[in-house]
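One file, coords.txt, is given below (compact mmCIF, C-alpha atoms and all ligand atoms).
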```
# COMPACT_ATOMS: atom_id res chain seq x y z
CA MET A 1373 -139.51 177.02 32.17
CA THR A 1374 -137.02 179.85 32.31
CA ARG A 1375 -134.11 179.93 29.88
CA ILE A 1376 -130.46 180.88 30.22
CA ALA A 1377 -130.03 184.63 29.77
CA GLU A 1378 -126.28 184.94 30.17
CA VAL A 1379 -123.17 182.94 30.96
CA ARG A 1380 -120.10 184.43 32.62
CA VAL A 1381 -116.72 182.69 32.58
CA THR A 1382 -114.06 184.12 34.88
CA PRO A 1383 -110.45 182.96 35.08
CA ILE A 1384 -108.85 183.32 38.50
CA LEU A 1385 -105.57 182.51 40.21
CA ILE A 1386 -105.76 180.99 43.67
CA SER A 1387 -102.91 180.71 46.12
CA ASP A 1388 -101.56 177.24 46.74
CA PRO A 1389 -98.95 175.98 49.23
CA PRO A 1390 -95.69 174.30 48.17
CA LEU A 1391 -97.00 170.72 48.13
CA LEU A 1392 -94.60 168.17 46.65
CA ASN A 1393 -95.37 165.39 44.23
CA LEU A 1394 -93.66 163.30 41.58
CA GLN A 1395 -93.78 166.08 39.06
CA GLY A 1396 -92.39 168.87 41.24
CA VAL A 1397 -94.09 171.29 43.58
CA HIS A 1398 -97.29 173.27 43.50
CA GLN A 1399 -96.89 176.83 42.22
CA PRO A 1400 -97.68 179.76 44.54
CA TYR A 1401 -100.74 180.44 42.38
CA THR A 1402 -102.78 178.08 40.26
CA PRO A 1403 -105.51 178.83 37.71
CA ARG A 1404 -109.19 177.87 38.02
CA THR A 1405 -112.16 178.76 35.85
CA ILE A 1406 -115.40 179.93 37.46
CA VAL A 1407 -118.64 179.62 35.48
CA GLU A 1408 -121.89 181.48 36.20
CA VAL A 1409 -125.09 180.53 34.40
CA VAL A 1410 -127.69 183.29 34.83
CA THR A 1411 -131.34 182.55 34.12
CA GLU A 1412 -133.96 184.96 32.74
CA ASN A 1413 -135.33 185.12 36.30
CA GLY A 1414 -131.94 186.19 37.62
CA ALA A 1415 -131.03 182.90 39.34
CA VAL A 1416 -127.29 182.26 39.23
CA GLY A 1417 -125.80 178.77 38.97
CA LEU A 1418 -122.11 178.22 39.73
CA GLY A 1419 -119.55 175.83 38.29
CA GLU A 1420 -115.77 175.45 38.66
CA THR A 1421 -113.12 173.63 36.68
CA TYR A 1422 -109.46 173.65 35.68
CA GLY A 1423 -108.10 176.97 34.57
CA ASP A 1424 -105.28 175.95 32.23
CA THR A 1425 -105.50 177.70 28.87
CA ASP A 1426 -107.08 174.84 26.92
CA TYR A 1427 -109.92 174.55 29.44
CA LEU A 1428 -110.41 178.28 29.81
CA ARG A 1429 -110.42 178.95 26.10
CA LEU A 1430 -113.02 176.27 25.52
CA ALA A 1431 -115.18 177.49 28.41
CA GLU A 1432 -115.01 181.04 27.06
CA ALA A 1433 -115.93 179.88 23.57
CA PHE A 1434 -118.74 177.62 24.73
CA GLY A 1435 -120.37 179.80 27.42
CA PRO A 1436 -122.10 182.28 25.08
CA ARG A 1437 -123.61 179.38 23.09
CA LEU A 1438 -125.83 178.57 26.07
CA ALA A 1439 -127.63 181.92 25.94
CA GLY A 1440 -131.28 181.23 25.11
CA ALA A 1441 -130.98 177.51 25.92
CA GLY A 1442 -133.10 175.74 28.53
CA LEU A 1443 -131.75 174.52 31.87
CA THR A 1444 -131.01 171.07 30.52
CA VAL A 1445 -127.87 169.03 30.89
CA ASN A 1446 -128.69 166.47 28.22
CA GLY A 1447 -126.69 167.19 25.11
CA LEU A 1448 -124.17 169.36 26.94
CA LEU A 1449 -121.10 167.17 26.43
CA PRO A 1450 -121.65 166.65 22.67
CA ALA A 1451 -122.12 170.42 22.28
CA VAL A 1452 -118.92 171.18 24.22
CA THR A 1453 -117.09 168.51 22.21
CA GLU A 1454 -118.24 170.12 18.97
CA CYS A 1455 -117.05 173.50 20.22
CA LEU A 1456 -113.66 172.01 21.12
CA ALA A 1457 -113.32 170.62 17.59
CA GLU A 1458 -113.72 174.21 16.39
CA VAL A 1459 -111.45 176.00 18.88
CA GLY A 1460 -108.84 173.22 19.17
CA ALA A 1461 -106.45 172.51 22.01
CA GLU A 1462 -102.72 173.07 22.29
CA ARG A 1463 -101.71 170.34 24.70
CA VAL A 1464 -103.21 167.00 23.83
CA ASP A 1465 -101.26 163.91 24.78
CA ASN A 1466 -102.40 160.33 25.28
CA THR A 1467 -99.61 159.38 27.69
CA VAL A 1468 -100.60 158.94 31.27
CA GLN A 1469 -97.97 161.47 32.34
CA ALA A 1470 -99.54 164.21 30.29
CA GLU A 1471 -102.15 165.60 32.61
CA GLY A 1472 -99.95 166.33 35.59
CA LEU A 1473 -100.88 163.17 37.55
CA ARG A 1474 -104.45 162.87 36.34
CA GLY A 1475 -103.86 160.33 33.59
CA SER A 1476 -103.85 161.12 29.90
CA ARG A 1477 -104.88 164.48 28.45
CA THR A 1478 -107.19 163.76 25.54
CA MET A 1479 -109.54 166.02 23.62
CA ALA A 1480 -112.40 164.05 25.19
CA LYS A 1481 -111.12 164.75 28.68
CA ILE A 1482 -110.69 168.46 28.03
CA ALA A 1483 -114.27 168.55 26.74
CA SER A 1484 -115.67 166.62 29.70
CA SER A 1485 -113.77 168.73 32.25
CA VAL A 1486 -115.24 171.90 30.74
CA SER A 1487 -118.68 170.40 30.24
CA SER A 1488 -118.74 169.42 33.92
CA ALA A 1489 -118.47 173.06 35.03
CA PHE A 1490 -121.49 174.02 32.91
CA GLU A 1491 -123.40 170.92 34.04
CA VAL A 1492 -122.84 171.80 37.71
CA ALA A 1493 -123.80 175.45 37.07
CA ILE A 1494 -126.99 174.40 35.27
CA TYR A 1495 -127.96 172.05 38.11
CA ASP A 1496 -127.29 174.86 40.61
CA ALA A 1497 -129.41 177.32 38.60
CA LEU A 1498 -132.17 174.73 38.18
CA GLY A 1499 -132.11 174.09 41.91
CA HIS A 1500 -132.58 177.80 42.58
CA GLU A 1501 -135.42 177.96 40.08
CA LEU A 1502 -137.20 174.94 41.57
CA GLY A 1503 -136.29 175.51 45.23
CA ALA A 1504 -134.57 172.10 45.33
CA PRO A 1505 -131.04 171.08 46.38
CA VAL A 1506 -128.82 169.62 43.68
CA HIS A 1507 -128.78 166.21 45.38
CA ALA A 1508 -132.58 166.08 44.99
CA LEU A 1509 -132.23 166.79 41.26
CA LEU A 1510 -129.79 163.88 41.13
CA GLY A 1511 -132.29 161.50 42.69
CA GLY A 1512 -131.91 162.36 46.35
CA LYS A 1513 -129.31 161.93 49.04
CA VAL A 1514 -128.67 158.61 50.72
CA ARG A 1515 -126.57 160.20 53.49
CA ASP A 1516 -126.65 163.54 55.32
CA ALA A 1517 -122.90 164.13 55.38
CA VAL A 1518 -120.01 163.09 53.15
CA GLU A 1519 -116.77 161.89 54.68
CA TYR A 1520 -113.45 163.22 53.40
CA SER A 1521 -109.91 162.09 54.10
CA ALA A 1522 -106.94 164.13 55.26
CA TYR A 1523 -104.86 164.61 52.13
CA LEU A 1524 -101.29 164.69 53.44
CA PHE A 1525 -98.38 166.04 51.43
CA TYR A 1526 -94.66 166.23 51.82
CA ARG A 1527 -94.11 169.94 51.60
CA TRP A 1528 -91.84 172.86 52.13
CA ALA A 1529 -92.66 175.50 54.71
CA GLU A 1530 -92.58 178.25 52.11
CA HIS A 1531 -92.38 179.02 48.43
CA PRO A 1532 -88.97 180.32 47.34
CA GLU A 1533 -89.78 184.04 47.05
CA PRO A 1534 -90.46 186.05 50.23
CA ASP A 1535 -93.56 187.83 48.87
CA GLU A 1536 -95.28 184.55 47.95
CA PRO A 1537 -98.19 183.15 49.99
CA ASN A 1538 -97.29 181.38 53.24
CA ASP A 1539 -100.02 179.31 54.88
CA GLY A 1540 -98.11 178.73 58.12
CA TRP A 1541 -98.41 174.93 58.07
CA GLY A 1542 -94.62 174.52 58.06
CA ALA A 1543 -92.56 171.83 56.38
CA ALA A 1544 -93.25 168.08 56.31
CA LEU A 1545 -90.32 166.15 54.88
CA ASP A 1546 -89.98 163.13 57.15
CA PRO A 1547 -92.24 160.75 59.11
CA GLU A 1548 -92.41 163.12 62.09
CA GLY A 1549 -93.46 166.02 59.84
CA VAL A 1550 -96.08 163.91 58.09
CA VAL A 1551 -97.53 162.69 61.39
CA ALA A 1552 -97.59 166.24 62.78
CA GLN A 1553 -99.44 167.39 59.66
CA ALA A 1554 -101.91 164.50 60.03
CA LYS A 1555 -102.50 165.36 63.69
CA ARG A 1556 -103.31 168.94 62.80
CA MET A 1557 -105.63 167.77 60.01
CA ALA A 1558 -107.34 165.45 62.49
CA SER A 1559 -107.74 168.10 65.16
CA ASP A 1560 -108.75 170.99 62.87
CA TYR A 1561 -111.06 169.01 60.57
CA GLY A 1562 -111.82 165.78 62.40
CA PHE A 1563 -110.48 163.57 59.60
CA SER A 1564 -110.08 159.93 60.49
CA SER A 1565 -108.82 158.62 57.11
CA PHE A 1566 -105.38 159.61 55.85
CA LYS A 1567 -103.87 159.67 52.39
CA LEU A 1568 -100.20 160.42 51.87
CA LYS A 1569 -99.14 161.75 48.50
CA GLY A 1570 -96.01 159.76 47.68
CA GLY A 1571 -93.70 159.52 44.69
CA VAL A 1572 -91.57 162.27 46.21
CA PHE A 1573 -88.86 160.32 48.04
CA GLU A 1574 -87.44 156.87 47.59
CA PRO A 1575 -89.97 154.20 48.55
CA ALA A 1576 -88.29 153.20 51.84
CA ARG A 1577 -88.81 156.72 53.20
CA GLU A 1578 -92.44 156.69 52.17
CA ILE A 1579 -92.98 153.25 53.70
CA ALA A 1580 -91.55 154.62 56.98
CA ALA A 1581 -93.89 157.63 56.89
CA THR A 1582 -96.87 155.40 56.13
CA ARG A 1583 -96.02 153.10 59.02
CA ALA A 1584 -95.61 156.12 61.31
CA LEU A 1585 -99.10 157.27 60.32
CA ALA A 1586 -100.60 153.86 60.99
CA GLU A 1587 -98.93 153.81 64.40
CA ALA A 1588 -100.10 157.33 65.23
CA PHE A 1589 -103.70 156.56 64.20
CA PRO A 1590 -104.29 152.89 65.08
CA GLY A 1591 -107.27 151.34 63.35
CA GLN A 1592 -107.81 154.36 61.08
CA PRO A 1593 -107.53 153.95 57.30
CA VAL A 1594 -104.24 155.02 55.69
CA ARG A 1595 -103.50 155.18 51.95
CA LEU A 1596 -100.39 155.91 49.91
CA ASP A 1597 -100.42 157.37 46.39
CA PRO A 1598 -97.11 157.71 44.49
CA ASN A 1599 -98.89 158.65 41.25
CA GLY A 1600 -97.52 155.68 39.32
CA ALA A 1601 -93.91 156.37 40.26
CA TRP A 1602 -92.86 152.75 40.78
CA SER A 1603 -92.04 149.79 38.56
CA VAL A 1604 -94.05 146.60 39.04
CA ALA A 1605 -91.20 145.12 41.09
CA THR A 1606 -90.96 148.16 43.38
CA SER A 1607 -94.75 148.28 43.73
CA LEU A 1608 -94.73 144.67 44.88
CA GLU A 1609 -91.96 145.34 47.40
CA VAL A 1610 -93.87 148.30 48.83
CA ALA A 1611 -97.13 146.35 48.82
CA ALA A 1612 -95.46 143.50 50.72
CA ALA A 1613 -94.08 145.97 53.26
CA LEU A 1614 -97.46 147.63 53.76
CA GLU A 1615 -99.88 144.70 53.62
CA GLY A 1616 -102.07 144.93 56.68
CA VAL A 1617 -101.12 148.60 57.05
CA LEU A 1618 -102.84 150.25 54.07
CA GLU A 1619 -106.54 150.49 53.33
CA TYR A 1620 -105.55 150.65 49.67
CA LEU A 1621 -102.54 151.42 47.55
CA GLU A 1622 -103.28 154.12 44.97
CA ASP A 1623 -101.66 154.08 41.51
CA PRO A 1624 -98.40 152.38 42.58
CA THR A 1625 -97.46 151.93 38.95
CA THR A 1626 -98.47 153.25 35.56
CA GLY A 1627 -100.67 151.65 32.94
CA THR A 1628 -103.44 149.10 33.20
CA ALA A 1629 -101.27 146.07 32.38
CA ASN A 1630 -98.77 146.94 35.12
CA MET A 1631 -101.52 147.66 37.63
CA ALA A 1632 -103.10 144.30 36.77
CA GLU A 1633 -99.82 142.52 37.39
CA VAL A 1634 -99.40 144.20 40.77
CA ALA A 1635 -103.03 143.48 41.65
CA ARG A 1636 -102.56 139.78 40.88
CA LYS A 1637 -99.64 139.52 43.29
CA THR A 1638 -100.78 141.49 46.32
CA SER A 1639 -103.71 141.23 48.68
CA LEU A 1640 -103.87 145.02 48.94
CA PRO A 1641 -106.69 146.63 46.96
CA LEU A 1642 -105.41 149.02 44.26
CA ALA A 1643 -107.13 152.35 43.68
CA THR A 1644 -106.70 154.68 40.72
CA ASN A 1645 -107.27 158.13 39.37
CA MET A 1646 -104.71 157.58 36.63
CA CYS A 1647 -105.34 154.38 34.68
CA VAL A 1648 -109.13 154.60 34.67
CA THR A 1649 -110.09 158.20 34.02
CA ALA A 1650 -112.72 157.83 31.29
CA PHE A 1651 -115.43 155.32 30.38
CA ASP A 1652 -113.48 153.87 27.47
CA GLU A 1653 -110.71 152.84 29.90
CA VAL A 1654 -113.11 150.82 32.06
CA PRO A 1655 -113.46 147.55 30.06
CA GLU A 1656 -109.74 146.76 29.94
CA ALA A 1657 -109.12 147.74 33.57
CA PHE A 1658 -112.10 145.88 35.00
CA GLY A 1659 -111.63 142.93 32.66
CA SER A 1660 -108.05 142.47 33.84
CA ARG A 1661 -108.96 143.21 37.48
CA ALA A 1662 -106.32 145.93 37.51
CA VAL A 1663 -108.15 148.13 40.04
CA GLN A 1664 -110.37 147.52 43.00
CA VAL A 1665 -111.36 151.15 43.67
CA VAL A 1666 -111.93 153.91 41.09
CA LEU A 1667 -111.44 157.45 42.34
CA SER A 1668 -113.91 159.46 40.36
CA ASP A 1669 -113.43 163.15 39.67
CA HIS A 1670 -116.61 164.80 38.44
CA HIS A 1671 -114.51 167.30 36.50
CA TYR A 1672 -112.82 164.94 34.13
CA TRP A 1673 -115.44 162.19 34.17
CA GLY A 1674 -117.85 164.76 32.70
CA GLY A 1675 -120.01 165.91 35.59
CA LEU A 1676 -122.36 164.77 38.28
CA ARG A 1677 -124.52 162.41 36.23
CA ALA A 1678 -121.40 160.84 34.71
CA THR A 1679 -120.16 160.25 38.26
CA GLN A 1680 -123.41 158.47 39.07
CA ASP A 1681 -123.07 156.45 35.86
CA LEU A 1682 -119.53 155.49 36.83
CA ALA A 1683 -120.74 154.46 40.28
CA ALA A 1684 -123.33 152.19 38.66
CA VAL A 1685 -120.68 150.60 36.41
CA CYS A 1686 -118.41 150.06 39.43
CA ARG A 1687 -121.28 148.51 41.38
CA THR A 1688 -121.98 146.15 38.50
CA PHE A 1689 -118.42 144.90 38.50
CA GLY A 1690 -117.94 144.82 42.27
CA VAL A 1691 -115.36 147.63 42.09
CA GLY A 1692 -115.34 150.23 44.86
CA ILE A 1693 -115.74 153.94 44.23
CA SER A 1694 -114.50 157.06 45.95
CA MET A 1695 -113.42 160.52 44.88
CA HIS A 1696 -110.22 162.06 43.60
CA SER A 1697 -109.36 165.70 44.04
CA ASN A 1698 -107.07 168.33 42.64
CA THR A 1699 -106.59 171.87 43.95
CA HIS A 1700 -110.15 173.24 44.07
CA LEU A 1701 -112.44 175.70 45.80
CA GLY A 1702 -115.83 175.55 47.47
CA ILE A 1703 -117.93 175.37 44.30
CA SER A 1704 -116.31 172.06 43.43
CA LEU A 1705 -116.48 170.87 47.05
CA ALA A 1706 -120.21 171.59 47.04
CA ALA A 1707 -120.62 169.69 43.76
CA MET A 1708 -118.55 166.75 45.06
CA THR A 1709 -120.58 166.64 48.26
CA HIS A 1710 -123.96 166.70 46.50
CA VAL A 1711 -123.09 163.92 44.09
CA ALA A 1712 -121.30 161.82 46.71
CA ALA A 1713 -124.42 162.12 48.87
CA THR A 1714 -126.42 160.32 46.17
CA ILE A 1715 -124.08 157.38 45.62
CA PRO A 1716 -124.98 154.18 47.42
CA GLY A 1717 -122.14 152.03 48.70
CA LEU A 1718 -119.58 154.82 49.02
CA ARG A 1719 -117.33 153.01 51.47
CA TYR A 1720 -114.19 155.13 51.32
CA ALA A 1721 -113.69 158.70 52.53
CA CYS A 1722 -113.30 161.01 49.52
CA ASP A 1723 -110.17 163.03 48.78
CA THR A 1724 -110.21 166.80 48.96
CA HIS A 1725 -107.48 169.42 48.66
CA ARG A 1726 -109.78 172.05 50.17
CA PRO A 1727 -107.98 172.33 53.56
CA TRP A 1728 -104.90 173.49 51.65
CA GLN A 1729 -106.70 176.48 50.14
CA THR A 1730 -106.65 179.67 52.17
CA GLU A 1731 -109.07 181.52 49.87
CA ASP A 1732 -112.49 180.74 48.47
CA VAL A 1733 -114.89 182.36 46.03
CA ILE A 1734 -117.95 181.48 48.10
CA THR A 1735 -119.30 183.65 50.89
CA GLN A 1736 -119.47 180.86 53.46
CA PRO A 1737 -116.74 178.30 52.89
CA HIS A 1738 -117.65 174.77 53.98
CA THR A 1739 -116.75 173.53 57.41
CA PHE A 1740 -115.72 169.96 58.22
CA SER A 1741 -117.06 168.27 61.30
CA GLY A 1742 -115.73 164.84 62.19
CA GLY A 1743 -114.04 164.90 58.75
CA LYS A 1744 -117.43 165.29 57.09
CA VAL A 1745 -119.19 168.00 55.11
CA ALA A 1746 -122.92 168.25 55.75
CA VAL A 1747 -125.07 167.85 52.64
CA SER A 1748 -126.93 171.11 52.12
CA ASP A 1749 -130.71 170.98 51.70
CA THR A 1750 -131.04 174.59 50.58
CA PRO A 1751 -131.75 175.26 46.88
CA GLY A 1752 -129.06 174.48 44.33
CA LEU A 1753 -125.57 173.77 45.61
CA GLY A 1754 -126.33 175.76 48.77
CA ILE A 1755 -123.52 178.27 48.22
CA GLU A 1756 -123.23 181.89 47.14
CA LEU A 1757 -120.54 183.58 45.07
CA ASP A 1758 -118.36 186.12 46.87
CA ARG A 1759 -118.07 188.68 44.10
CA GLU A 1760 -115.43 190.75 45.87
CA VAL A 1761 -113.11 187.77 46.20
CA LEU A 1762 -113.87 186.67 42.64
CA ALA A 1763 -112.88 190.13 41.37
CA LYS A 1764 -109.69 190.11 43.46
CA LEU A 1765 -108.63 186.67 42.21
CA HIS A 1766 -109.48 187.64 38.65
CA ASP A 1767 -107.32 190.77 39.00
CA ARG A 1768 -104.53 188.53 40.20
CA TRP A 1769 -104.98 186.44 37.04
CA LEU A 1770 -104.92 189.59 34.88
CA GLY A 1771 -101.72 190.77 36.54
CA SER A 1772 -99.87 187.48 36.17
CA ASP A 1773 -98.58 185.36 33.33
CA VAL A 1774 -99.37 182.03 35.06
CA ARG A 1775 -101.72 180.32 32.65
CA ARG A 1776 -101.38 176.67 33.61
CA ARG A 1777 -100.38 174.38 36.41
CA ASP A 1778 -96.75 173.44 35.96
CA ASP A 1779 -95.27 171.74 39.03
CA ALA A 1780 -91.98 170.96 37.23
CA ALA A 1781 -91.43 174.63 36.36
CA ALA A 1782 -92.15 175.56 39.98
CA MET A 1783 -89.55 173.02 41.12
CA ARG A 1784 -86.97 174.41 38.67
CA ARG A 1785 -87.01 177.70 40.58
CA VAL A 1786 -85.24 175.78 43.35
CA GLN A 1787 -83.55 172.96 41.40
CA PRO A 1788 -82.75 174.40 37.97
CA ASP A 1789 -82.00 170.98 36.44
CA PHE A 1790 -85.28 169.39 37.57
CA THR A 1791 -87.35 167.57 34.97
CA ALA A 1792 -90.51 165.62 35.72
CA PRO A 1793 -89.29 161.99 35.79
CA MET A 1794 -90.42 159.48 33.22
CA PHE A 1795 -92.31 156.49 34.64
CA PRO A 1796 -91.23 154.49 36.51
CA ARG A 1797 -88.96 156.58 38.68
CA TRP A 1798 -88.11 153.78 41.12
O1 LIG A 1801 -102.19 168.06 43.88
O2 LIG A 1801 -100.15 167.35 43.78
C1 LIG A 1801 -101.38 167.17 43.70
C2 LIG A 1801 -101.89 165.79 43.39
O3 LIG A 1801 -100.82 164.95 43.09
C3 LIG A 1801 -102.87 165.79 42.25
O4 LIG A 1801 -102.33 166.46 41.17
C4 LIG A 1801 -103.30 164.42 41.84
O5 LIG A 1801 -104.05 164.50 40.68
O6 LIG A 1801 -104.46 164.36 43.91
C5 LIG A 1801 -104.16 163.72 42.79
C6 LIG A 1801 -104.03 162.24 42.92
O7 LIG A 1801 -104.71 161.67 43.73
O8 LIG A 1801 -103.30 161.62 42.15
MG MG A 1802 -104.08 159.66 42.96
```
The structure given in the file should be rewritten as structure tokens.
Ligand code: GKR
Ligand code: MG
Amino acid sequence: MTRIAEVRVTPILISDPPLLNLQGVHQPYTPRTIVEVVTENGAVGLGETYGDTDYLRLAEAFGPRLAGAGLTVNGLLPAVTECLAEVGAERVDNTVQAEGLRGSRTMAKIASSVSSAFEVAIYDALGHELGAPVHALLGGKVRDAVEYSAYLFYRWAEHPEPDEPNDGWGAALDPEGVVAQAKRMASDYGFSSFKLKGGVFEPAREIAATRALAEAFPGQPVRLDPNGAWSVATSLEVAAALEGVLEYLEDPTTGTANMAEVARKTSLPLATNMCVTAFDEVPEAFGSRAVQVVLSDHHYWGGLRATQDLAAVCRTFGVGISMHSNTHLGISLAAMTHVAATIPGLRYACDTHRPWQTEDVITQPHTFSGGKVAVSDTPGLGIELDREVLAKLHDRWLGSDVRRRDDAAAMRRVQPDFTAPMFPRW
């Protein structure tokens, strides 16, 4: 079997619209790391992960260590973890606020997020070598298309500076704006599940927007995710107001104990991508019945096989599974689609930020039909790197000093006294 000849790690900056959340607003440009694993036969496997300095530095340090290795994913995470112990990380923090709305930022999570990019790239390369799609390497698809939800955001029309990217979607700051955004998402992409990112305005305003969505799309699933912004009491008030309206309430409050208390007192299922973000957080959360749906993210759970493992654990405990998303490009969407295609009992449409990205590093960006992405049966992930775009986005990275996602700093350009609120905000 062929071996790995070379690994390339390329930092890029991708444009991002001014989407609002609890911690501020998305920056005009956000970093991602693109990984290429090249085999001795010249097959290229692609991976994508976060681009913040700690992730990039680790990916750059680890990549060359794969030269000469086989196309195997066993042992990858321990090797990346060992490399991280050598290179270190600057921003490690066990509080749930630390990772910009993705739960805590631990050494283990930095390692698994970086390992996942190499794992995906190795699967892609292996698929090219064997002439098999990644889903087949993961055991085979159980569906031909994966359903995604419309990920709705309160947002400004534009970033503050005139020369910054403008995607033309316009502002959405009230129920009418949110419904108009949802209608465009439904007509352009065919989505029929809707998730509103909350935690931006006081709960009553977000309840009104959620109700407006439910009225505009009768019978279609609607979710609300304030990223843990509310106290237990506020969560229960919102839950009472939206019982019968929401499919699930996502991370109303912060911490497993608080989520468990809310879960005990509402009939709404609670979903999370904040209080259960790693395997060692599962026993407490499942034991206390704090969550009814885990939103997996193959980046920070450690890759595609880890996502399948998580799905098996969730199945065992009767907990639902779906997928979380952060700003990402087509390599990650391909990886999400392949792994989601292999998971039995995926009852909820997965999240994706992809419609918000106006650029991609793959030659044929995915299309959504009826809110779904077709599962590719061509070898590997079924995508090809657009080297011209990669070079352009890398040049942008070289010419900029943006080295991490910092929504609070982006918000301070407009509100100089803004600080990301401590939990709970309301
Ligand atoms: O992109 O603003 C955002 C989201 O808030 C993201 O950072 C979250 O991690 O999408 C995420 C979520 O579901 O919490
Ligand atoms: Mg969430």
Could I get the residues of region 1732-1775 of chain A with an atom no further than 7 Å from an atom of region 1375-1384 of chain A, each paired with its nearest atom pair and that distance in Å to one decimal, using only C-alpha atoms, sorted by chain and residue number, as CSV?
```
residue,atom,partner,partner_atom,distance
A:Leu1765,CA,A:Ile1384,CA,5.0
A:His1766,CA,A:Ile1384,CA,4.4
A:Arg1768,CA,A:Ile1384,CA,7.0
A:Trp1769,CA,A:Ile1384,CA,5.2
```
Practice problem: Name the residues, by chain letter and number, that sit within 10 Å of ligand MG 1802 (chain A) using all atoms listed in the file, and give them as a ChimeraX atom specification. | Solution: /A:1473-1475,1567-1570,1596-1600,1621-1624,1643-1647,1666-1667,1695-1698,1723
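Straight-line separation from CA of Leu1608 (chain A) to CA of Ser1660 (chain A): 17.4 Å.
The set of protein, DNA and RNA residues with any counted atom at most 9 Å from (-130.5, 171.0, 43.1) (all atoms listed in the file) reads Tyr1495, Asp1496, Ala1497, Leu1498, Gly1499, His1500, Leu1502, Gly1503, Ala1504, Pro1505, Val1506, His1507, Ala1508, Leu1509, Leu1510, His1710, Asp1749, Thr1750, Pro1751, Gly1752, Leu1753 and Gly1754 of chain A.
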Return as JSON lines the residues of region 1485-1603 of chain A lying at most 9 Å from region 1436-1453 of chain A, together with the closest atom-to-atom pair for each and the distance in Å to one decimal, counting all atoms listed in the file, with rows in chain order and ascending residue number.
```
{"residue": "A:Val1486", "atom": "CA", "partner": "A:Val1452", "partner_atom": "CA", "distance": 7.5}
{"residue": "A:Ser1487", "atom": "CA", "partner": "A:Leu1449", "partner_atom": "CA", "distance": 5.6}
{"residue": "A:Ser1488", "atom": "CA", "partner": "A:Leu1449", "partner_atom": "CA", "distance": 8.2}
{"residue": "A:Phe1490", "atom": "CA", "partner": "A:Leu1448", "partner_atom": "CA", "distance": 8.0}
{"residue": "A:Glu1491", "atom": "CA", "partner": "A:Val1445", "partner_atom": "CA", "distance": 5.8}
{"residue": "A:Val1492", "atom": "CA", "partner": "A:Val1445", "partner_atom": "CA", "distance": 8.9}
{"residue": "A:Ile1494", "atom": "CA", "partner": "A:Leu1443", "partner_atom": "CA", "distance": 5.9}
{"residue": "A:Tyr1495", "atom": "CA", "partner": "A:Leu1443", "partner_atom": "CA", "distance": 7.7}
{"residue": "A:Ala1497", "atom": "CA", "partner": "A:Leu1443", "partner_atom": "CA", "distance": 7.7}
{"residue": "A:Leu1498", "atom": "CA", "partner": "A:Leu1443", "partner_atom": "CA", "distance": 6.3}
```
Practice problem: Would you mind telling me which residue in A:Thr1478, A:Ser1559, A:Gln1553, A:Asn1630 lies nearest to Leu1585 (chain A) when using only C-alpha atoms? | Solution: A:Gln1553
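One distance worth recording is that between CA of Phe1434 (chain A) and CA of Glu1731 (chain A), which is 27.2 Å.
Reported to one decimal place, the separation of atom O8 of ligand LIG 1801 (chain A) from CA of Thr1582 (chain A) is 16.6 Å.
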Please define a box with edges along x, y and z of the file around all atoms of ligand LIG 1801 (chain A) given in the file, extend it by 8 Å on each side, and return its centre and edge lengths in Å to one decimal, as lines of an AutoDock Vina configuration file.
```
center_x = -102.4
center_y = 164.8
center_z = 42.3
size_x = 20.6
size_y = 22.4
size_z = 19.2
```
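Shortest separation to Ser1521 (chain A) among A:Gly1692, A:Pro1593, A:Gly1627, A:Gly1423 occurs at residue A:Pro1593, atoms counted being all atoms listed in the file.
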Quiz prompt | Nearest candidate to ligand LIG 1801 (chain A) (options A:Met1794, A:Val1550, A:Val1518, A:Cys1722; using all atoms listed in the file) | solution = A:Cys1722
Quiz item: If I put a ball of radius 12 Å at (-110.0, 187.4, 43.7) in the file's coordinates, which residues poke into it when counting only C-alpha atoms, written as number ranges by chain?
Solution: A: 1382-1387, 1401, 1403-1406, 1730-1734, 1757-1771
Practice problem: Just the residues within 10 Å of Gly1742 (chain A), please, counting all atoms listed in the file, with nothing from its chain fewer than 6 positions along; format it as a VMD selection string. | Solution: chain A and resid 1517 1519 to 1520 1558 to 1564
